[in-house]
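Student: Pasting a structure below so you can have a look.
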Amino acid sequence: MANRLTLIVLLLSCLMPAQTASANLPVTVPDQGPLPTLAPMLEKINPAVVNIATYSTEVNRYNPLLNDPFFRRFFNIPDEQFQQFQQPERKQQSAGSGVILSAADGIVVTNYHVIRGSDEVQVSLIDGRSFAAEIVGSDPELDIATLKIRADGLSEIKVADSSRLRVGDFVVAIGNPFGLGQTVTTGIVSALGRSGLGIEGYENFIQTDASINPGNSGGALVNLRGELVGINTAIIAPAGGNIGIGFAIPANMVNASVRQLLAYGEVKRGDIGIAVQDITPELSEAFGLKNGQRGVLITQVDKHSPAAEAGITPGDIVTHINGVKTVSSTRFRSLISMTPIGDMLRLSLLRHSETLEIGVRVIAREDLSYSGKSLHPLLEGAQFGNNPQGGVVVTGLKPDSPAAFNGIRPDDIIVSANRVTVHDIETLQRALSRDRSSVLLKIIRDNVSLFLVIR
């Protein structure tokens, strides 16, 4: 019986195909031409995207009463023990990204929040070189800063017309997430003209699902031709990481800001002297807008302003500025702010269902607004304008001013000062004259009233 089983096993083994070592080797596929890839484009523009390291000094806090020798003697604290409270200052480091806009001049653009409060800024290139950077100027309202480095052999990136972007366009984000080094992610334009996020003073964001993470700030958002369409700025991150909702400042707005920073060291924003509001469905029906007509409603025209001189009146509806649709008051403000002072704007208006084309010259906002310096020392660095519904609106604010430090924000509406009702700038000025050491303001912010004290 055993011999028969052995014979059957031998016969079966003879019927099975012999396995060779070569059976497990991979099969080589014949070359079928180049695969679709972004590599050539990235190899060209990657050298124009830089890593930015900032260094700042952190002052360690201790009880100021320890500075008083009488206090130390009263509580029997020897001078030797007091020295233990005098901790040395510590250096803090943070990381971000930037983009070289001019190779010849060494001009780098990044986010203002990347370099804010820094004592030293270092720019590192993809080839390993590193350079100390000079801060040429910053635009906190747009969150843009311009740097300059002195280096040879730099690469620059071409800038696209971001107004031609469409939802669904492919984009590539390049930056330095989490300090890992240069990283590339891809996605599409998810939305355009995003605003109302409370991130910046002027919001007209490109929304993208290309992964943007901490450290990407200031990096490039490019199209498939390798042209800059935006500067990566912010994300919505409930859990602290990317969830596919990132925002970039459009390249056109960046360009307008950088040009002024290079020319003046600061941004001088323009105005034409009107106040506008968004059009609700009820207002659209009341004004007889049809066929999807959109725009912003003019609620006030300042006397002797360019808008008044051009014949613009309250109740007019602005549908386009220089051919660009004005679908929201935020978009309207952004388009005005991008226009150089002295330039002419072409406004398309609807007035009683009639379409009008009117040219308006842009002037400096300071020529229309009242300066806080002329109202009260504690409000220096702020600009104000009369609010059409009553009160005074904050039209501009320096980030390092006392008003900003105590919580005032652009677009806040001051309705009372030092317990006196404020109707306009004249009544605000009279109310502020009563006390020079502090100011009690009642403001309306996002339809909510609150009190603020400025000291």
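Residue numbers start at 1 in each chain; chains themselves are named A, B, ... in the order of the structure tokens; ligands are numbered from 1 in the order shown.
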As an mmCIF file with all heavy atoms, in the first residue's frame, which residues of region 242-380 of chain A does DSSP assign to alpha helix (DSSP H)?

Tutor:
data_model
loop_
_atom_site.group_PDB
_atom_site.id
_atom_site.type_symbol
_atom_site.label_atom_id
_atom_site.label_comp_id
_atom_site.auth_asym_id
_atom_site.auth_seq_id
_atom_site.Cartn_x
_atom_site.Cartn_y
_atom_site.Cartn_z
ATOM 1 N N ALA A 251 -3.075 87.156 -6.826
ATOM 2 C CA ALA A 251 -1.828 87.760 -7.271
ATOM 3 C C ALA A 251 -2.001 89.232 -7.641
ATOM 4 O O ALA A 251 -1.088 90.042 -7.427
ATOM 5 C CB ALA A 251 -1.263 86.980 -8.453
ATOM 6 N N ASN A 252 -3.144 89.602 -8.196
ATOM 7 C CA ASN A 252 -3.356 91.005 -8.566
ATOM 8 C C ASN A 252 -3.322 91.915 -7.341
ATOM 9 O O ASN A 252 -2.780 93.027 -7.381
ATOM 10 C CB ASN A 252 -4.687 91.169 -9.301
ATOM 11 C CG ASN A 252 -4.650 90.587 -10.701
ATOM 12 O OD1 ASN A 252 -3.644 90.022 -11.120
ATOM 13 N ND2 ASN A 252 -5.747 90.698 -11.425
ATOM 14 N N MET A 253 -3.910 91.465 -6.232
ATOM 15 C CA MET A 253 -3.891 92.254 -5.006
ATOM 16 C C MET A 253 -2.476 92.302 -4.428
ATOM 17 O O MET A 253 -2.031 93.334 -3.915
ATOM 18 C CB MET A 253 -4.871 91.669 -3.985
ATOM 19 C CG MET A 253 -6.319 91.721 -4.421
ATOM 20 S SD MET A 253 -7.479 91.101 -3.166
ATOM 21 C CE MET A 253 -7.395 92.400 -1.944
ATOM 22 N N VAL A 254 -1.764 91.182 -4.507
ATOM 23 C CA VAL A 254 -0.380 91.143 -4.029
ATOM 24 C C VAL A 254 0.472 92.120 -4.826
ATOM 25 O O VAL A 254 1.249 92.906 -4.265
ATOM 26 C CB VAL A 254 0.191 89.714 -4.142
ATOM 27 C CG1 VAL A 254 1.679 89.710 -3.802
ATOM 28 C CG2 VAL A 254 -0.565 88.762 -3.239
ATOM 29 N N ASN A 255 0.326 92.100 -6.145
ATOM 30 C CA ASN A 255 1.107 92.984 -7.014
ATOM 31 C C ASN A 255 0.866 94.449 -6.687
ATOM 32 O O ASN A 255 1.801 95.253 -6.627
ATOM 33 C CB ASN A 255 0.761 92.710 -8.474
ATOM 34 C CG ASN A 255 1.942 92.194 -9.256
ATOM 35 O OD1 ASN A 255 3.067 92.186 -8.774
ATOM 36 N ND2 ASN A 255 1.700 91.749 -10.477
ATOM 37 N N ALA A 256 -0.410 94.815 -6.491
ATOM 38 C CA ALA A 256 -0.749 96.204 -6.191
ATOM 39 C C ALA A 256 -0.113 96.641 -4.877
ATOM 40 O O ALA A 256 0.381 97.773 -4.755
ATOM 41 C CB ALA A 256 -2.272 96.370 -6.126
ATOM 42 N N SER A 257 -0.113 95.768 -3.888
ATOM 43 C CA SER A 257 0.490 96.083 -2.595
ATOM 44 C C SER A 257 2.005 96.184 -2.694
ATOM 45 O O SER A 257 2.609 97.135 -2.189
ATOM 46 C CB SER A 257 0.098 95.019 -1.564
ATOM 47 O OG SER A 257 0.698 95.270 -0.320
ATOM 48 N N VAL A 258 2.631 95.227 -3.369
ATOM 49 C CA VAL A 258 4.092 95.207 -3.470
ATOM 50 C C VAL A 258 4.612 96.435 -4.206
ATOM 51 O O VAL A 258 5.636 97.024 -3.829
ATOM 52 C CB VAL A 258 4.569 93.910 -4.154
ATOM 53 C CG1 VAL A 258 6.053 93.991 -4.499
ATOM 54 C CG2 VAL A 258 4.309 92.716 -3.251
ATOM 55 N N ARG A 259 3.924 96.849 -5.269
ATOM 56 C CA ARG A 259 4.359 98.033 -6.014
ATOM 57 C C ARG A 259 4.431 99.262 -5.111
ATOM 58 O O ARG A 259 5.372 100.059 -5.180
ATOM 59 C CB ARG A 259 3.413 98.295 -7.186
ATOM 60 C CG ARG A 259 3.647 97.391 -8.389
ATOM 61 C CD ARG A 259 2.982 97.969 -9.632
ATOM 62 N NE ARG A 259 1.541 98.094 -9.467
ATOM 63 C CZ ARG A 259 0.667 97.174 -9.838
ATOM 64 N NH1 ARG A 259 1.089 96.037 -10.371
ATOM 65 N NH2 ARG A 259 -0.625 97.363 -9.666
ATOM 66 N N GLN A 260 3.415 99.418 -4.238
ATOM 67 C CA GLN A 260 3.416 100.576 -3.347
ATOM 68 C C GLN A 260 4.462 100.443 -2.243
ATOM 69 O O GLN A 260 5.094 101.424 -1.853
ATOM 70 C CB GLN A 260 2.028 100.775 -2.747
ATOM 71 C CG GLN A 260 0.984 101.188 -3.764
ATOM 72 C CD GLN A 260 -0.147 101.977 -3.119
ATOM 73 O OE1 GLN A 260 0.071 102.837 -2.282
ATOM 74 N NE2 GLN A 260 -1.361 101.661 -3.526
ATOM 75 N N LEU A 261 4.648 99.230 -1.737
ATOM 76 C CA LEU A 261 5.656 99.032 -0.701
ATOM 77 C C LEU A 261 7.052 99.344 -1.237
ATOM 78 O O LEU A 261 7.886 99.930 -0.527
ATOM 79 C CB LEU A 261 5.607 97.592 -0.180
ATOM 80 C CG LEU A 261 4.360 97.226 0.632
ATOM 81 C CD1 LEU A 261 4.381 95.739 0.997
ATOM 82 C CD2 LEU A 261 4.277 98.067 1.905
ATOM 83 N N LEU A 262 7.319 98.978 -2.475
ATOM 84 C CA LEU A 262 8.619 99.266 -3.070
ATOM 85 C C LEU A 262 8.772 100.756 -3.357
ATOM 86 O O LEU A 262 9.868 101.311 -3.246
ATOM 87 C CB LEU A 262 8.804 98.462 -4.357
ATOM 88 C CG LEU A 262 8.910 96.944 -4.198
ATOM 89 C CD1 LEU A 262 8.998 96.271 -5.559
ATOM 90 C CD2 LEU A 262 10.121 96.573 -3.347
ATOM 91 N N ALA A 263 7.673 101.407 -3.708
ATOM 92 C CA ALA A 263 7.743 102.824 -4.064
ATOM 93 C C ALA A 263 7.759 103.733 -2.844
ATOM 94 O O ALA A 263 8.507 104.724 -2.806
ATOM 95 C CB ALA A 263 6.568 103.188 -4.967
ATOM 96 N N TYR A 264 6.950 103.399 -1.820
ATOM 97 C CA TYR A 264 6.775 104.303 -0.682
ATOM 98 C C TYR A 264 7.161 103.704 0.668
ATOM 99 O O TYR A 264 7.243 104.436 1.660
ATOM 100 C CB TYR A 264 5.311 104.774 -0.593
ATOM 101 C CG TYR A 264 4.724 105.248 -1.887
ATOM 102 C CD1 TYR A 264 3.694 104.549 -2.505
ATOM 103 C CD2 TYR A 264 5.197 106.400 -2.510
ATOM 104 C CE1 TYR A 264 3.132 104.980 -3.699
ATOM 105 C CE2 TYR A 264 4.650 106.837 -3.711
ATOM 106 C CZ TYR A 264 3.627 106.117 -4.299
ATOM 107 O OH TYR A 264 3.088 106.540 -5.479
ATOM 108 N N PRO A 281 -32.054 89.939 -1.205
ATOM 109 C CA PRO A 281 -33.147 89.619 -2.140
ATOM 110 C C PRO A 281 -34.289 90.633 -2.085
ATOM 111 O O PRO A 281 -34.891 90.957 -3.111
ATOM 112 C CB PRO A 281 -33.601 88.227 -1.673
ATOM 113 C CG PRO A 281 -32.379 87.624 -1.054
ATOM 114 C CD PRO A 281 -31.671 88.769 -0.394
ATOM 115 N N GLU A 282 -34.572 91.153 -0.873
ATOM 116 C CA GLU A 282 -35.642 92.139 -0.744
ATOM 117 C C GLU A 282 -35.281 93.442 -1.461
ATOM 118 O O GLU A 282 -36.111 94.045 -2.152
ATOM 119 C CB GLU A 282 -35.922 92.408 0.733
ATOM 120 C CG GLU A 282 -36.523 91.241 1.498
ATOM 121 C CD GLU A 282 -35.487 90.181 1.863
ATOM 122 O OE1 GLU A 282 -34.267 90.483 1.762
ATOM 123 O OE2 GLU A 282 -35.895 89.067 2.226
ATOM 124 N N LEU A 283 -34.004 93.881 -1.303
ATOM 125 C CA LEU A 283 -33.556 95.091 -1.991
ATOM 126 C C LEU A 283 -33.521 94.881 -3.497
ATOM 127 O O LEU A 283 -33.843 95.788 -4.267
ATOM 128 C CB LEU A 283 -32.170 95.507 -1.483
ATOM 129 C CG LEU A 283 -32.105 96.130 -0.089
ATOM 130 C CD1 LEU A 283 -30.657 96.325 0.347
ATOM 131 C CD2 LEU A 283 -32.839 97.473 -0.080
ATOM 132 N N SER A 284 -33.123 93.696 -3.913
ATOM 133 C CA SER A 284 -33.088 93.398 -5.342
ATOM 134 C C SER A 284 -34.476 93.540 -5.965
ATOM 135 O O SER A 284 -34.642 94.110 -7.058
ATOM 136 C CB SER A 284 -32.551 91.972 -5.567
ATOM 137 O OG SER A 284 -32.527 91.648 -6.929
ATOM 138 N N GLU A 285 -35.481 93.051 -5.248
ATOM 139 C CA GLU A 285 -36.856 93.165 -5.742
ATOM 140 C C GLU A 285 -37.324 94.610 -5.722
ATOM 141 O O GLU A 285 -37.961 95.093 -6.666
ATOM 142 C CB GLU A 285 -37.783 92.299 -4.887
ATOM 143 C CG GLU A 285 -39.235 92.309 -5.342
ATOM 144 C CD GLU A 285 -40.116 91.415 -4.492
ATOM 145 O OE1 GLU A 285 -39.574 90.696 -3.607
ATOM 146 O OE2 GLU A 285 -41.350 91.429 -4.703
ATOM 147 N N ALA A 286 -36.957 95.340 -4.638
ATOM 148 C CA ALA A 286 -37.398 96.722 -4.511
ATOM 149 C C ALA A 286 -36.793 97.612 -5.592
ATOM 150 O O ALA A 286 -37.445 98.566 -6.060
ATOM 151 C CB ALA A 286 -37.038 97.260 -3.129
ATOM 152 N N PRO A 306 -14.675 112.741 -4.974
ATOM 153 C CA PRO A 306 -14.660 112.453 -6.413
ATOM 154 C C PRO A 306 -15.974 111.863 -6.903
ATOM 155 O O PRO A 306 -16.407 112.160 -8.018
ATOM 156 C CB PRO A 306 -13.508 111.451 -6.545
ATOM 157 C CG PRO A 306 -12.611 111.736 -5.396
ATOM 158 C CD PRO A 306 -13.519 112.143 -4.277
ATOM 159 N N ALA A 307 -16.615 111.018 -6.076
ATOM 160 C CA ALA A 307 -17.887 110.417 -6.484
ATOM 161 C C ALA A 307 -18.964 111.485 -6.638
ATOM 162 O O ALA A 307 -19.762 111.463 -7.593
ATOM 163 C CB ALA A 307 -18.319 109.367 -5.471
ATOM 164 N N ALA A 308 -19.004 112.435 -5.696
ATOM 165 C CA ALA A 308 -19.993 113.519 -5.777
ATOM 166 C C ALA A 308 -19.744 114.381 -7.005
ATOM 167 O O ALA A 308 -20.682 114.766 -7.712
ATOM 168 C CB ALA A 308 -19.947 114.361 -4.505
ATOM 169 N N GLU A 309 -18.478 114.689 -7.268
ATOM 170 C CA GLU A 309 -18.152 115.509 -8.434
ATOM 171 C C GLU A 309 -18.488 114.800 -9.741
ATOM 172 O O GLU A 309 -18.779 115.451 -10.750
ATOM 173 C CB GLU A 309 -16.660 115.873 -8.395
ATOM 174 C CG GLU A 309 -16.300 116.794 -7.222
ATOM 175 C CD GLU A 309 -14.803 116.997 -7.092
ATOM 176 O OE1 GLU A 309 -14.058 116.414 -7.925
ATOM 177 O OE2 GLU A 309 -14.374 117.738 -6.190
ATOM 178 N N SER A 329 -19.955 94.010 -1.198
ATOM 179 C CA SER A 329 -19.293 95.222 -0.709
ATOM 180 C C SER A 329 -17.814 94.956 -0.420
ATOM 181 O O SER A 329 -16.978 95.842 -0.595
ATOM 182 C CB SER A 329 -20.005 95.732 0.553
ATOM 183 O OG SER A 329 -20.025 94.729 1.561
ATOM 184 N N THR A 330 -17.488 93.738 0.007
ATOM 185 C CA THR A 330 -16.094 93.394 0.259
ATOM 186 C C THR A 330 -15.301 93.399 -1.042
ATOM 187 O O THR A 330 -14.174 93.910 -1.096
ATOM 188 C CB THR A 330 -15.992 92.016 0.928
ATOM 189 O OG1 THR A 330 -16.779 92.008 2.115
ATOM 190 C CG2 THR A 330 -14.552 91.700 1.275
ATOM 191 N N ARG A 331 -15.877 92.820 -2.089
ATOM 192 C CA ARG A 331 -15.218 92.830 -3.403
ATOM 193 C C ARG A 331 -15.056 94.258 -3.892
ATOM 194 O O ARG A 331 -14.032 94.623 -4.487
ATOM 195 C CB ARG A 331 -16.048 92.007 -4.382
ATOM 196 C CG ARG A 331 -15.446 91.907 -5.795
ATOM 197 C CD ARG A 331 -14.324 90.902 -5.801
ATOM 198 N NE ARG A 331 -13.768 90.704 -7.124
ATOM 199 C CZ ARG A 331 -14.237 89.854 -8.037
ATOM 200 N NH1 ARG A 331 -15.331 89.140 -7.757
ATOM 201 N NH2 ARG A 331 -13.632 89.706 -9.187
ATOM 202 N N PHE A 332 -16.064 95.095 -3.654
ATOM 203 C CA PHE A 332 -15.996 96.494 -4.057
ATOM 204 C C PHE A 332 -14.818 97.186 -3.373
ATOM 205 O O PHE A 332 -14.024 97.879 -4.022
ATOM 206 C CB PHE A 332 -17.312 97.184 -3.687
ATOM 207 C CG PHE A 332 -17.342 98.662 -3.991
ATOM 208 C CD1 PHE A 332 -17.735 99.115 -5.241
ATOM 209 C CD2 PHE A 332 -16.975 99.581 -3.025
ATOM 210 C CE1 PHE A 332 -17.762 100.471 -5.519
ATOM 211 C CE2 PHE A 332 -17.004 100.941 -3.301
ATOM 212 C CZ PHE A 332 -17.396 101.387 -4.549
ATOM 213 N N ARG A 333 -14.683 97.019 -2.055
ATOM 214 C CA ARG A 333 -13.586 97.644 -1.315
ATOM 215 C C ARG A 333 -12.238 97.147 -1.812
ATOM 216 O O ARG A 333 -11.278 97.929 -1.917
ATOM 217 C CB ARG A 333 -13.723 97.353 0.180
ATOM 218 C CG ARG A 333 -14.895 98.028 0.862
ATOM 219 C CD ARG A 333 -14.967 97.655 2.331
ATOM 220 N NE ARG A 333 -13.801 98.113 3.058
ATOM 221 C CZ ARG A 333 -13.070 97.341 3.864
ATOM 222 N NH1 ARG A 333 -13.368 96.061 4.003
ATOM 223 N NH2 ARG A 333 -12.039 97.842 4.507
ATOM 224 N N SER A 334 -12.145 95.856 -2.123
ATOM 225 C CA SER A 334 -10.884 95.302 -2.599
ATOM 226 C C SER A 334 -10.485 95.899 -3.944
ATOM 227 O O SER A 334 -9.319 96.229 -4.167
ATOM 228 C CB SER A 334 -10.978 93.779 -2.705
ATOM 229 O OG SER A 334 -11.212 93.186 -1.441
ATOM 230 N N LEU A 335 -11.457 96.036 -4.836
ATOM 231 C CA LEU A 335 -11.158 96.602 -6.155
ATOM 232 C C LEU A 335 -10.717 98.056 -6.044
ATOM 233 O O LEU A 335 -9.795 98.488 -6.744
ATOM 234 C CB LEU A 335 -12.383 96.481 -7.062
ATOM 235 C CG LEU A 335 -12.765 95.054 -7.487
ATOM 236 C CD1 LEU A 335 -14.115 95.048 -8.189
ATOM 237 C CD2 LEU A 335 -11.692 94.462 -8.400
ATOM 238 N N ILE A 336 -11.364 98.818 -5.170
ATOM 239 C CA ILE A 336 -10.965 100.215 -4.967
ATOM 240 C C ILE A 336 -9.559 100.280 -4.384
ATOM 241 O O ILE A 336 -8.723 101.081 -4.807
ATOM 242 C CB ILE A 336 -11.954 100.944 -4.035
ATOM 243 C CG1 ILE A 336 -13.353 101.007 -4.658
ATOM 244 C CG2 ILE A 336 -11.445 102.348 -3.717
ATOM 245 C CD1 ILE A 336 -13.488 101.909 -5.836
ATOM 246 N N SER A 337 -9.284 99.428 -3.402
ATOM 247 C CA SER A 337 -7.987 99.481 -2.715
ATOM 248 C C SER A 337 -6.835 99.110 -3.626
ATOM 249 O O SER A 337 -5.699 99.510 -3.390
ATOM 250 C CB SER A 337 -8.007 98.544 -1.501
ATOM 251 O OG SER A 337 -7.985 97.179 -1.900
ATOM 252 N N GLY A 372 -7.445 110.278 13.393
ATOM 253 C CA GLY A 372 -7.603 110.174 14.841
ATOM 254 C C GLY A 372 -6.702 111.126 15.589
ATOM 255 O O GLY A 372 -6.976 111.518 16.718
ATOM 256 N N LYS A 373 -5.584 111.519 14.956
ATOM 257 C CA LYS A 373 -4.653 112.448 15.608
ATOM 258 C C LYS A 373 -5.319 113.785 15.892
ATOM 259 O O LYS A 373 -5.035 114.445 16.882
ATOM 260 C CB LYS A 373 -3.424 112.641 14.720
ATOM 261 C CG LYS A 373 -2.329 113.482 15.352
ATOM 262 C CD LYS A 373 -1.100 113.539 14.459
ATOM 263 C CE LYS A 373 0.012 114.319 15.130
ATOM 264 N NZ LYS A 373 1.235 114.368 14.277
ATOM 265 N N SER A 374 -6.223 114.197 14.992
ATOM 266 C CA SER A 374 -6.905 115.475 15.179
ATOM 267 C C SER A 374 -8.072 115.362 16.145
ATOM 268 O O SER A 374 -8.634 116.374 16.557
ATOM 269 C CB SER A 374 -7.392 116.005 13.832
ATOM 270 O OG SER A 374 -8.364 115.131 13.286
ATOM 271 N N LEU A 375 -8.472 114.135 16.504
ATOM 272 C CA LEU A 375 -9.589 113.938 17.413
ATOM 273 C C LEU A 375 -9.142 113.747 18.853
ATOM 274 O O LEU A 375 -9.699 114.346 19.773
ATOM 275 C CB LEU A 375 -10.409 112.721 16.972
ATOM 276 C CG LEU A 375 -11.154 112.834 15.644
ATOM 277 C CD1 LEU A 375 -11.838 111.528 15.312
ATOM 278 C CD2 LEU A 375 -12.173 113.961 15.693
#

Student: Have a look at CA of Val108 (chain A) and CA of Gly219 (chain A) and let me know their distance in Å, one decimal.

Tutor: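 CA of Gly219 (chain A) lies 10.5 Å from CA of Val108 (chain A).
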
Student: Tell me, as a PyMOL selection string, which residues lie within 7 Å of Arg194 (chain A), counting only C-alpha atoms; anything in the same chain fewer than 4 positions away does not count.

Tutor: chain A and resi 203-207

Student: Quick one: pick out all strand (DSSP E or B) residues within region 94-323 of chain A from a backbone DSSP run and write them as a ChimeraX atom specification.

Tutor: /A:94-102,107-110,120-124,130-132,134-139,144-148,159,170-175,183-194,205-208,220-222,228-235,246-250,270-271,274-278,296-301,317-321

Student: Counting only C-alpha atoms, what is within 12 Å of Glu141 (chain A), bar same-chain residues fewer than 3 positions away, as a VMD selection string?

Tutor: chain A and resid 111 to 113 138 144 to 145 198 to 203 249 253 to 254 257 266 to 269 334 337 395 to 399 409 to 410

Student: By how many Å are CA of Lys148 (chain A) and CA of Ala160 (chain A) apart?

Tutor: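 CA of Lys148 (chain A) sits 21.7 Å away from CA of Ala160 (chain A).
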
Student: Tell me which protein, DNA and RNA residues are within 6 Å of Ala103 (chain A), counting only C-alpha atoms, leaving out same-chain ones fewer than 6 positions away, and put them as a ChimeraX atom specification.

Tutor: /A:154-156

Student: Next, the residues of the selection above should be written as a PDB file, in the first residue's frame with all heavy atoms.

Tutor:
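Dumped everything to again-v7.pdb:
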ATOM      1  N   LEU A 154      19.648  84.192  -8.662  1.00  0.00           N
ATOM      2  CA  LEU A 154      18.300  83.929  -8.179  1.00  0.00           C
ATOM      3  C   LEU A 154      17.358  83.611  -9.339  1.00  0.00           C
ATOM      4  O   LEU A 154      17.612  83.978 -10.483  1.00  0.00           O
ATOM      5  CB  LEU A 154      17.759  85.142  -7.416  1.00  0.00           C
ATOM      6  CG  LEU A 154      18.501  85.544  -6.134  1.00  0.00           C
ATOM      7  CD1 LEU A 154      17.884  86.803  -5.548  1.00  0.00           C
ATOM      8  CD2 LEU A 154      18.477  84.419  -5.118  1.00  0.00           C
ATOM      9  N   SER A 155      16.273  82.932  -9.036  1.00  0.00           N
ATOM     10  CA  SER A 155      15.206  82.664  -9.998  1.00  0.00           C
ATOM     11  C   SER A 155      13.961  83.403  -9.544  1.00  0.00           C
ATOM     12  O   SER A 155      13.722  83.563  -8.344  1.00  0.00           O
ATOM     13  CB  SER A 155      14.914  81.167 -10.092  1.00  0.00           C
ATOM     14  OG  SER A 155      16.030  80.460 -10.577  1.00  0.00           O
ATOM     15  N   GLU A 156      13.171  83.869 -10.501  1.00  0.00           N
ATOM     16  CA  GLU A 156      11.929  84.562 -10.169  1.00  0.00           C
ATOM     17  C   GLU A 156      10.752  83.839 -10.796  1.00  0.00           C
ATOM     18  O   GLU A 156      10.921  82.980 -11.674  1.00  0.00           O
ATOM     19  CB  GLU A 156      11.974  86.013 -10.659  1.00  0.00           C
ATOM     20  CG  GLU A 156      12.026  86.156 -12.160  1.00  0.00           C
ATOM     21  CD  GLU A 156      12.199  87.606 -12.598  1.00  0.00           C
ATOM     22  OE1 GLU A 156      12.829  88.374 -11.854  1.00  0.00           O
ATOM     23  OE2 GLU A 156      11.705  87.961 -13.695  1.00  0.00           O
TER      24      GLU A 156
END

Student: Which residues are close to region 385-390 of chain A, i.e. within 10 Å by only C-alpha atoms, leaving aside same-chain residues fewer than 2 positions away? Reply as a list of chain:residue names.

Tutor: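 The neighbour list is A:Gly273, A:Ile274, A:Ala275, A:Val276, A:Thr299, A:Gln300, A:Val301, A:Asp302, A:Leu368, A:Ser369, A:Tyr370, A:Ser371, A:Gln383, A:Val392, A:Val393, A:Val394, A:Thr395, A:Gly396, A:Asp411, A:Ile413, A:Ile414, A:Val415, A:Thr421, A:Val422, A:His423, A:Asp424, A:Ile425, A:Glu426.
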
Student: Write a file of the just-selected residues containing N, CA and C atoms, as a compact mmCIF listing (two decimals), in the first residue's frame.

Tutor:
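Contents of again37.txt, freshly written:
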# COMPACT_ATOMS: atom_id res chain seq x y z
N GLY A 273 -15.03 108.15 -1.96
CA GLY A 273 -15.98 108.89 -1.14
C GLY A 273 -17.40 108.39 -1.14
N ILE A 274 -17.58 107.07 -1.18
CA ILE A 274 -18.93 106.53 -1.09
C ILE A 274 -18.98 105.40 -0.07
N ALA A 275 -20.16 105.15 0.46
CA ALA A 275 -20.42 103.99 1.32
C ALA A 275 -21.39 103.08 0.59
N VAL A 276 -21.17 101.78 0.70
CA VAL A 276 -22.02 100.82 -0.03
C VAL A 276 -22.48 99.71 0.92
N THR A 299 -25.09 103.88 -0.50
CA THR A 299 -25.94 104.42 0.56
C THR A 299 -25.57 105.84 0.94
N GLN A 300 -24.34 106.27 0.61
CA GLN A 300 -23.91 107.61 0.98
C GLN A 300 -22.84 108.08 0.02
N VAL A 301 -22.87 109.36 -0.32
CA VAL A 301 -21.83 109.99 -1.14
C VAL A 301 -21.33 111.20 -0.36
N ASP A 302 -20.05 111.21 -0.03
CA ASP A 302 -19.47 112.32 0.74
C ASP A 302 -19.43 113.60 -0.09
N LEU A 368 -10.11 111.91 2.53
CA LEU A 368 -11.55 111.81 2.76
C LEU A 368 -11.89 111.59 4.22
N SER A 369 -11.02 110.89 4.94
CA SER A 369 -11.31 110.50 6.32
C SER A 369 -10.70 111.50 7.29
N TYR A 370 -11.27 111.53 8.48
CA TYR A 370 -10.70 112.32 9.56
C TYR A 370 -9.63 111.50 10.26
N SER A 371 -8.54 112.15 10.59
CA SER A 371 -7.46 111.46 11.29
C SER A 371 -7.73 111.43 12.78
N GLN A 383 -8.31 106.14 11.28
CA GLN A 383 -9.03 106.99 10.35
C GLN A 383 -10.53 106.73 10.53
N VAL A 392 -19.94 106.86 13.78
CA VAL A 392 -18.69 107.05 13.05
C VAL A 392 -18.06 105.69 12.81
N VAL A 393 -17.66 105.41 11.57
CA VAL A 393 -17.08 104.11 11.24
C VAL A 393 -15.56 104.23 11.20
N VAL A 394 -14.88 103.21 11.72
CA VAL A 394 -13.42 103.15 11.66
C VAL A 394 -13.04 102.65 10.27
N THR A 395 -12.42 103.52 9.47
CA THR A 395 -12.08 103.16 8.10
C THR A 395 -10.66 102.62 7.96
N GLY A 396 -9.81 102.90 8.94
CA GLY A 396 -8.44 102.41 8.88
C GLY A 396 -7.82 102.45 10.26
N ASP A 411 -13.94 98.88 10.52
CA ASP A 411 -15.39 98.67 10.31
C ASP A 411 -16.19 98.70 11.61
N ILE A 413 -18.25 100.54 14.40
CA ILE A 413 -19.06 101.76 14.33
C ILE A 413 -19.15 102.33 15.74
N ILE A 414 -18.64 103.53 15.94
CA ILE A 414 -18.68 104.20 17.25
C ILE A 414 -20.01 104.93 17.38
N VAL A 415 -20.80 104.53 18.38
CA VAL A 415 -22.12 105.15 18.56
C VAL A 415 -22.19 106.03 19.80
N THR A 421 -23.84 110.39 23.03
CA THR A 421 -24.23 109.77 21.76
C THR A 421 -23.49 110.43 20.60
N VAL A 422 -22.97 109.59 19.72
CA VAL A 422 -22.21 110.07 18.56
C VAL A 422 -23.07 109.92 17.31
N HIS A 423 -23.33 111.06 16.64
CA HIS A 423 -24.08 111.05 15.38
C HIS A 423 -23.16 111.13 14.18
N ASP A 424 -22.06 111.87 14.34
CA ASP A 424 -21.11 112.07 13.24
C ASP A 424 -19.76 112.45 13.85
N ILE A 425 -18.81 112.76 12.99
CA ILE A 425 -17.45 113.05 13.47
C ILE A 425 -17.43 114.31 14.34
N GLU A 426 -18.28 115.30 14.04
CA GLU A 426 -18.29 116.52 14.84
C GLU A 426 -18.71 116.24 16.28

Student: If you measure from CA of Pro214 (chain A) to CA of Ile243 (chain A), what distance in Å do you get, rounded to one decimal?

Tutor: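 Separation between CA of Pro214 (chain A) and CA of Ile243 (chain A): 12.4 Å.
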
Student: With a distance cut-off of 12 Å and only C-alpha atoms, select the neighbouring residues of Asn232 (chain A), excluding the residue or stretch itself and same-chain residues fewer than 4 positions from it, and output the selection as an MDAnalysis selection string.

Tutor: chainID A and resid 49 96:99 109:114 143:144 171:177 185 205:222 228 245:251 254
